Amino acid sequence: METEEGRTPATTKRDLRFAIIGAGMAGILSAIRLEENGFHDYTLYEKADRAGGTWRENTYPGVACDVPSHLYSYSFAPNPEWSHRFSPGDEIEAYFERIAREHGLEARTRFGEEIERCEFVDGRWHLRAKSGLTDEADVVIAATGVLHHPAIPDIEGLEDFGGALFHSARWDHGVALDGQRIGVIGTGSTGVQIVSALVSRVRKLSLFQRTAQWIMPQENPPYSEQEKAGFRAHPEELQRLHADISKLFAEGFANAVVDADSPQMKAIEEACRDNLERSVTDPVLREKLRPNYRAACKRLVISPDFYDAIQSPNAELVTESIERVEAGGVRTSDGRLHELDVLVMATGFRADRFMRPMQVVGRGGRSLDEAWAERPVAYLSISIPHFPNFFMLNGPNGPVGNFSLIEVAELQFDYILQLVDELASGACREVCASEEATRAFDAERVEAARKTVWTTGCHSWYLDDRGIPATWPWPFDRFREEMARPRPEAFERLG
Ligand SMILES: Cc1cc2nc3c(=O)[nH]c(=O)nc-3n(C[C@H](O)[C@H](O)[C@H](O)COP(=O)(O)OP(=O)(O)OC[C@H]3O[C@@H](n4cnc5c(N)ncnc54)[C@H](O)[C@@H]3O)c2cc1C
């Protein structure tokens with residue numbers, strides 16, 4: 001008998017215990033899928049006091065997803081209530097919390113428990129939390145996030161600032177914004193969303209730009225009550241919408257960025273260039289906003305209103321480099337002091353940290369720090385040689401970019417489940433990718449990555465220390481194909 005995904009379920013011989021680390025989108029997904037597949041012995045560990053991950057942490061004004069909401073939803077939990085094509089962060093957080101609640105996951109989650117060590121001893125993972133709590137599991141699912149550790153810029157004098165200073169993922173909602181002078185450092189998706197959301201509320205908004213960004217124009221219409229009622233009455237309509245948008249994104253974007261010369265890539269570039277030419281009237285400002293690299297080389301920023309916002313009389317685009325932060329504001333290289341009450345670091349995340357600082361010790365005492373001494377590597381972003389029965393969701397070098405990481409995590413989890421079946425059926429007791437398969441995969445990945453749009457001459461968080469994009473360099477269809485079934489020869493099995 002086959003499951004809906006075409007998987008032949010194992011005849012269970014061995015009861016497995018699972019530890020899922022992280023109760024964000026991927027951890028919630030893991031628990032639901034385990035339960036559905038008859039694996040009931042699991043605990044979720046979450047260091048915060050509630051589920052939601054990214055969407056619990058990022059509460060800055062204007063936060064929203066930048067893939068359509070009906071795609072940024074679990075395939076098994078379409079949501080007729082999304083308010084907008086790109087819905088705001090609080091709705092997304094509420095969605096994940098609701099799904100977790102409906103599946104009874106609150107009772108299965110140990111909140112406030114940060115796992116600081118996982119060690120593989122005598123065929124089992126031994127976990128220890130900061131609190132001193134310990135647990136053992138046969139299988140660990142690391143769902144610890146990719147954009148999770150805020151990157152704090154190395155700017156002299158940050159600690160001298162006299163006003164309120166915080167990272168966008170640590171927004172201080174106690175700080176008044178209305179009528180204040182706000183500085184925003186960073187022009188990625190977050191910086192752009194903050195500027196658009198705040199400009200009409202504040203006295204002065206200074207955006208400190210190191211690198212200009214291409215902006216893809218994208219309207220964000222609300223769904224009418226009539227449309228939502230239609231979705232409620234016809235859930236199959238929502239499934240179709242999910243599938244249609246997924247196809248559109250894969251063909252129009254995900255496949256385009258891995259072929260820098262594709263017609264789709266040219267169309268994206270054209271749309272961005274046209275947006276800049278049409279929307280920014282002052283030629284001096286327009287040139288300041290014009291990137292000197294190709295569109296989508298950095299993660300593409302989408303916005304319906306950023307160019308309007310930055311042209312507001314109370315907004316200023318500051319392109320002189322930041323020299324230092326002082327008590328009164330930000331001093332730029334031209335000697336000018338930009339006086340500020342609030343300074344926001346929209347400076348992104350340390351995307352190479354993954355589950356660290358958690359210590360992970362695999363077979364034979366091999367630590368993750370040793371395995372990743374050069375940089376994070378994993379077979380298909382899921383499994384690390386010598387770390388048996390330890391699987392990652394949204395791990396190193398996986399698909400990122402402007403499409404839904406939910407779809408990515410769902411495909412990854414179904415792949416992991418097939419390896420788990422091998423453990424449950426007694427086919428083996430330990431499974432992880434072989435060194436050889438991992439080396440070959442990574443060499444091929446690096447070669448392909450050199451041909452993507454991410455290497456066409458910009459600095460971005462996709463690039464590793466060698467300037468190689470740390471992401472999936474092939475069309476999304478290839479990812480789907482790889483995820484359909486593990487290649488037996490790529491894995492090392494014991495027992
Ligand atoms: C501002 C912003 C906008 C984004 N927009 C999009 C978008 O439009 N589309 C898209 O696909 N993606 C987007 N992303 C990426 C987003 O991170 C993923 O879509 C998704 O939320 C990741 O889910 P996750 O469960 O893998 O990780 P997270 O949501 O980061 O959750 C990880 C969880 O693990 C917990 N954790 C970590 N370490 C430990 C530990 N040692 N012990 C216990 N708990 C631990 C954390 O507290 C957290 O709750 C965005 C990210 C950001 C920051």
# chains A, B, ... in the order shown; residues from 1 in each chain; ligands from 1
call {"tool": "residues_near_ligand", "arguments": {"ligand": "ligand 1", "cutoff": "7 Å", "atoms": "only C-alpha atoms and all ligand atoms", "output": "VMD selection string"}}
result
chain A and resid 21 to 27 45 to 48 51 to 55 58 63 to 67 72 113 to 116 143 to 148 190 355 358 393 to 394 402 to 406
call {"tool": "residues_around", "arguments": {"residues": "range 126-130 of chain A", "least_positions_apart": "2", "cutoff": "10 Å", "atoms": "only C-alpha atoms", "output": "list of chain:residue names"}}
result
A:Ala19, A:Tyr45, A:Lys47, A:Gly112, A:Glu113, A:Glu114, A:Ile115, A:Glu116, A:Arg117, A:Cys118, A:Glu119, A:Phe120, A:Val121, A:Asp122, A:Gly123, A:Arg124, A:Gly132, A:Leu133, A:Thr134, A:Asp135, A:Glu136, A:Ala137, A:Asp138, A:Val140, A:Met358, A:Gln359, A:Val360, A:Val361
call {"tool": "select_by_dssp", "arguments": {"residues": "range 30-271 of chain A", "states": "alpha helix (DSSP H)", "output": "PyMOL selection string"}}
result
chain A and resi 30-36+54-57+89-102+189-198+225-233+235-249+255-257+263-271
call {"tool": "atom_distance", "arguments": {"atom1": "CA of Glu436 in chain A", "atom2": "CA of Val453 in chain A"}}
result
28.4 Å
call {"tool": "residues_around", "arguments": {"residues": "range 236-252 of chain A", "least_positions_apart": "5", "cutoff": "10 Å", "atoms": "only C-alpha atoms", "output": "list of chain:residue names"}}
result
A:Val67, A:Pro68, A:Ser69, A:His70, A:Leu71, A:Tyr72, A:Ser73, A:Tyr74, A:Ser75, A:Phe76, A:Ala77, A:Pro78, A:Asn79, A:Pro80, A:Gly230, A:Phe231, A:Val257, A:Pro263, A:Gln264, A:Met265, A:Ala267, A:Ile268, A:Asn402, A:Phe403, A:Ser404, A:Glu407, A:Pro475, A:Phe476, A:Asp477
call {"tool": "closest_residue", "arguments": {"among": "A:Gly495, A:Gly191, A:Pro150, A:Pro488", "to": "Ala309 in chain A", "atoms": "only C-alpha atoms"}}
result
A:Gly191
call {"tool": "residues_around", "arguments": {"residues": "Phe306 in chain A", "least_positions_apart": "6", "cutoff": "12 Å", "atoms": "only C-alpha atoms", "output": "NGL selection string"}}
result
:A and (62 or 187-199 or 207 or 213-219 or 275-276 or 279-280 or 289 or 312 or 315 or 317)
call {"tool": "write_last_selection", "arguments": {"atoms": "N, CA and C atoms", "output": "PDB file, in the first residue's frame"}}
result
ATOM      1  N   GLY A  62       5.514  46.868   9.114  1.00  0.00           N
ATOM      2  CA  GLY A  62       5.571  46.536   7.677  1.00  0.00           C
ATOM      3  C   GLY A  62       5.960  45.100   7.394  1.00  0.00           C
ATOM      4  N   THR A 187      19.194  48.071   3.377  1.00  0.00           N
ATOM      5  CA  THR A 187      18.213  48.258   2.293  1.00  0.00           C
ATOM      6  C   THR A 187      17.723  46.922   1.722  1.00  0.00           C
ATOM      7  N   GLY A 188      17.765  45.865   2.537  1.00  0.00           N
ATOM      8  CA  GLY A 188      17.188  44.592   2.098  1.00  0.00           C
ATOM      9  C   GLY A 188      15.676  44.648   2.219  1.00  0.00           C
ATOM     10  N   SER A 189      15.032  43.493   2.069  1.00  0.00           N
ATOM     11  CA  SER A 189      13.558  43.453   2.116  1.00  0.00           C
ATOM     12  C   SER A 189      13.041  44.086   3.402  1.00  0.00           C
ATOM     13  N   THR A 190      13.716  43.812   4.520  1.00  0.00           N
ATOM     14  CA  THR A 190      13.256  44.334   5.804  1.00  0.00           C
ATOM     15  C   THR A 190      13.362  45.851   5.863  1.00  0.00           C
ATOM     16  N   GLY A 191      14.521  46.398   5.487  1.00  0.00           N
ATOM     17  CA  GLY A 191      14.704  47.850   5.518  1.00  0.00           C
ATOM     18  C   GLY A 191      13.653  48.544   4.662  1.00  0.00           C
ATOM     19  N   VAL A 192      13.408  47.975   3.498  1.00  0.00           N
ATOM     20  CA  VAL A 192      12.435  48.553   2.566  1.00  0.00           C
ATOM     21  C   VAL A 192      11.022  48.510   3.165  1.00  0.00           C
ATOM     22  N   GLN A 193      10.673  47.385   3.788  1.00  0.00           N
ATOM     23  CA  GLN A 193       9.337  47.283   4.398  1.00  0.00           C
ATOM     24  C   GLN A 193       9.187  48.301   5.534  1.00  0.00           C
ATOM     25  N   ILE A 194      10.240  48.467   6.327  1.00  0.00           N
ATOM     26  CA  ILE A 194      10.163  49.402   7.462  1.00  0.00           C
ATOM     27  C   ILE A 194       9.989  50.844   6.957  1.00  0.00           C
ATOM     28  N   VAL A 195      10.773  51.208   5.953  1.00  0.00           N
ATOM     29  CA  VAL A 195      10.692  52.578   5.419  1.00  0.00           C
ATOM     30  C   VAL A 195       9.271  52.856   4.910  1.00  0.00           C
ATOM     31  N   SER A 196       8.734  51.903   4.135  1.00  0.00           N
ATOM     32  CA  SER A 196       7.385  52.117   3.583  1.00  0.00           C
ATOM     33  C   SER A 196       6.346  52.245   4.699  1.00  0.00           C
ATOM     34  N   ALA A 197       6.517  51.451   5.754  1.00  0.00           N
ATOM     35  CA  ALA A 197       5.507  51.456   6.825  1.00  0.00           C
ATOM     36  C   ALA A 197       5.612  52.686   7.721  1.00  0.00           C
ATOM     37  N   LEU A 198       6.823  53.224   7.879  1.00  0.00           N
ATOM     38  CA  LEU A 198       7.008  54.272   8.887  1.00  0.00           C
ATOM     39  C   LEU A 198       6.981  55.703   8.368  1.00  0.00           C
ATOM     40  N   VAL A 199       7.260  55.869   7.082  1.00  0.00           N
ATOM     41  CA  VAL A 199       7.551  57.231   6.630  1.00  0.00           C
ATOM     42  C   VAL A 199       6.422  58.227   6.927  1.00  0.00           C
ATOM     43  N   LEU A 207      17.389  56.788   5.619  1.00  0.00           N
ATOM     44  CA  LEU A 207      17.736  55.413   5.246  1.00  0.00           C
ATOM     45  C   LEU A 207      19.208  55.389   4.837  1.00  0.00           C
ATOM     46  N   GLN A 213      19.305  48.694  -4.176  1.00  0.00           N
ATOM     47  CA  GLN A 213      18.606  47.432  -4.474  1.00  0.00           C
ATOM     48  C   GLN A 213      17.687  47.616  -5.671  1.00  0.00           C
ATOM     49  N   TRP A 214      17.602  46.592  -6.492  1.00  0.00           N
ATOM     50  CA  TRP A 214      16.540  46.580  -7.496  1.00  0.00           C
ATOM     51  C   TRP A 214      15.228  46.278  -6.773  1.00  0.00           C
ATOM     52  N   ILE A 215      14.193  46.996  -7.174  1.00  0.00           N
ATOM     53  CA  ILE A 215      12.887  46.801  -6.525  1.00  0.00           C
ATOM     54  C   ILE A 215      11.905  46.286  -7.579  1.00  0.00           C
ATOM     55  N   MET A 216      11.363  45.130  -7.312  1.00  0.00           N
ATOM     56  CA  MET A 216      10.375  44.542  -8.213  1.00  0.00           C
ATOM     57  C   MET A 216       9.009  45.105  -7.816  1.00  0.00           C
ATOM     58  N   PRO A 217       8.323  45.798  -8.742  1.00  0.00           N
ATOM     59  CA  PRO A 217       7.017  46.354  -8.366  1.00  0.00           C
ATOM     60  C   PRO A 217       6.020  45.219  -8.175  1.00  0.00           C
ATOM     61  N   GLN A 218       5.285  45.266  -7.150  1.00  0.00           N
ATOM     62  CA  GLN A 218       4.367  44.164  -6.878  1.00  0.00           C
ATOM     63  C   GLN A 218       3.214  44.704  -6.047  1.00  0.00           C
ATOM     64  N   GLU A 219       2.036  44.720  -6.628  1.00  0.00           N
ATOM     65  CA  GLU A 219       0.876  45.218  -5.882  1.00  0.00           C
ATOM     66  C   GLU A 219       0.514  44.237  -4.775  1.00  0.00           C
ATOM     67  N   ASN A 275      10.570  50.052 -13.359  1.00  0.00           N
ATOM     68  CA  ASN A 275      10.018  50.552 -12.088  1.00  0.00           C
ATOM     69  C   ASN A 275      10.822  51.757 -11.609  1.00  0.00           C
ATOM     70  N   LEU A 276      12.148  51.625 -11.652  1.00  0.00           N
ATOM     71  CA  LEU A 276      13.011  52.731 -11.199  1.00  0.00           C
ATOM     72  C   LEU A 276      12.817  53.962 -12.084  1.00  0.00           C
ATOM     73  N   SER A 279       9.233  55.471 -11.590  1.00  0.00           N
ATOM     74  CA  SER A 279       8.749  55.872 -10.271  1.00  0.00           C
ATOM     75  C   SER A 279       9.549  56.992  -9.629  1.00  0.00           C
ATOM     76  N   VAL A 280      10.832  57.121  -9.984  1.00  0.00           N
ATOM     77  CA  VAL A 280      11.661  58.110  -9.274  1.00  0.00           C
ATOM     78  C   VAL A 280      11.910  59.293 -10.203  1.00  0.00           C
ATOM     79  N   LEU A 289      19.686  55.455  -6.368  1.00  0.00           N
ATOM     80  CA  LEU A 289      18.912  54.227  -6.121  1.00  0.00           C
ATOM     81  C   LEU A 289      19.187  53.143  -7.159  1.00  0.00           C
ATOM     82  N   SER A 312       9.249  60.829  -0.175  1.00  0.00           N
ATOM     83  CA  SER A 312       8.476  61.697   0.720  1.00  0.00           C
ATOM     84  C   SER A 312       9.377  62.839   1.192  1.00  0.00           C
ATOM     85  N   ALA A 315      11.728  62.069   4.022  1.00  0.00           N
ATOM     86  CA  ALA A 315      12.640  60.918   3.912  1.00  0.00           C
ATOM     87  C   ALA A 315      13.943  61.353   3.270  1.00  0.00           C
ATOM     88  N   LEU A 317      17.579  59.604   1.623  1.00  0.00           N
ATOM     89  CA  LEU A 317      18.432  58.453   1.317  1.00  0.00           C
ATOM     90  C   LEU A 317      19.875  58.904   1.525  1.00  0.00           C
TER      91      LEU A 317
END
call {"tool": "closest_residue", "arguments": {"among": "A:Pro222, A:Ala256, A:Leu411, A:Trp454", "to": "Arg294 in chain A", "atoms": "only C-alpha atoms"}}
result
A:Trp454
call {"tool": "residues_around", "arguments": {"residues": "Ser321 in chain A", "least_positions_apart": "2", "cutoff": "9 Å", "atoms": "only C-alpha atoms", "output": "PyMOL selection string"}}
result
chain A and resi 208-210+318-319+323+331-334
call {"tool": "select_by_dssp", "arguments": {"residues": "range 194-402 of chain A", "states": "strand (DSSP E)", "output": "PyMOL selection string"}}
result
chain A and resi 204-208+215-216+301-302+315-318+322-326+329-332+337-339+342-345+359-361+390-392
call {"tool": "atom_distance", "arguments": {"atom1": "CA of Ala212 in chain A", "atom2": "CA of His84 in chain A"}}
result
27.4 Å
call {"tool": "closest_residue", "arguments": {"among": "A:Ala295, A:Ala437, A:Cys432, A:Leu417", "to": "Ala31 in chain A", "atoms": "only C-alpha atoms"}}
result
A:Leu417
call {"tool": "closest_residue", "arguments": {"among": "A:Gly163, A:Leu158, A:Asp259, A:Glu489", "to": "Arg450 in chain A", "atoms": "only C-alpha atoms"}}
result
A:Asp259
call {"tool": "closest_residue", "arguments": {"among": "A:Arg56, A:Arg98, A:Arg201, A:Arg85", "to": "Ala169 in chain A", "atoms": "only C-alpha atoms"}}
result
A:Arg56
call {"tool": "closest_residue", "arguments": {"among": "A:Thr456, A:Ser206, A:Thr471, A:Asn37", "to": "Val377 in chain A", "atoms": "only C-alpha atoms"}}
result
A:Thr471
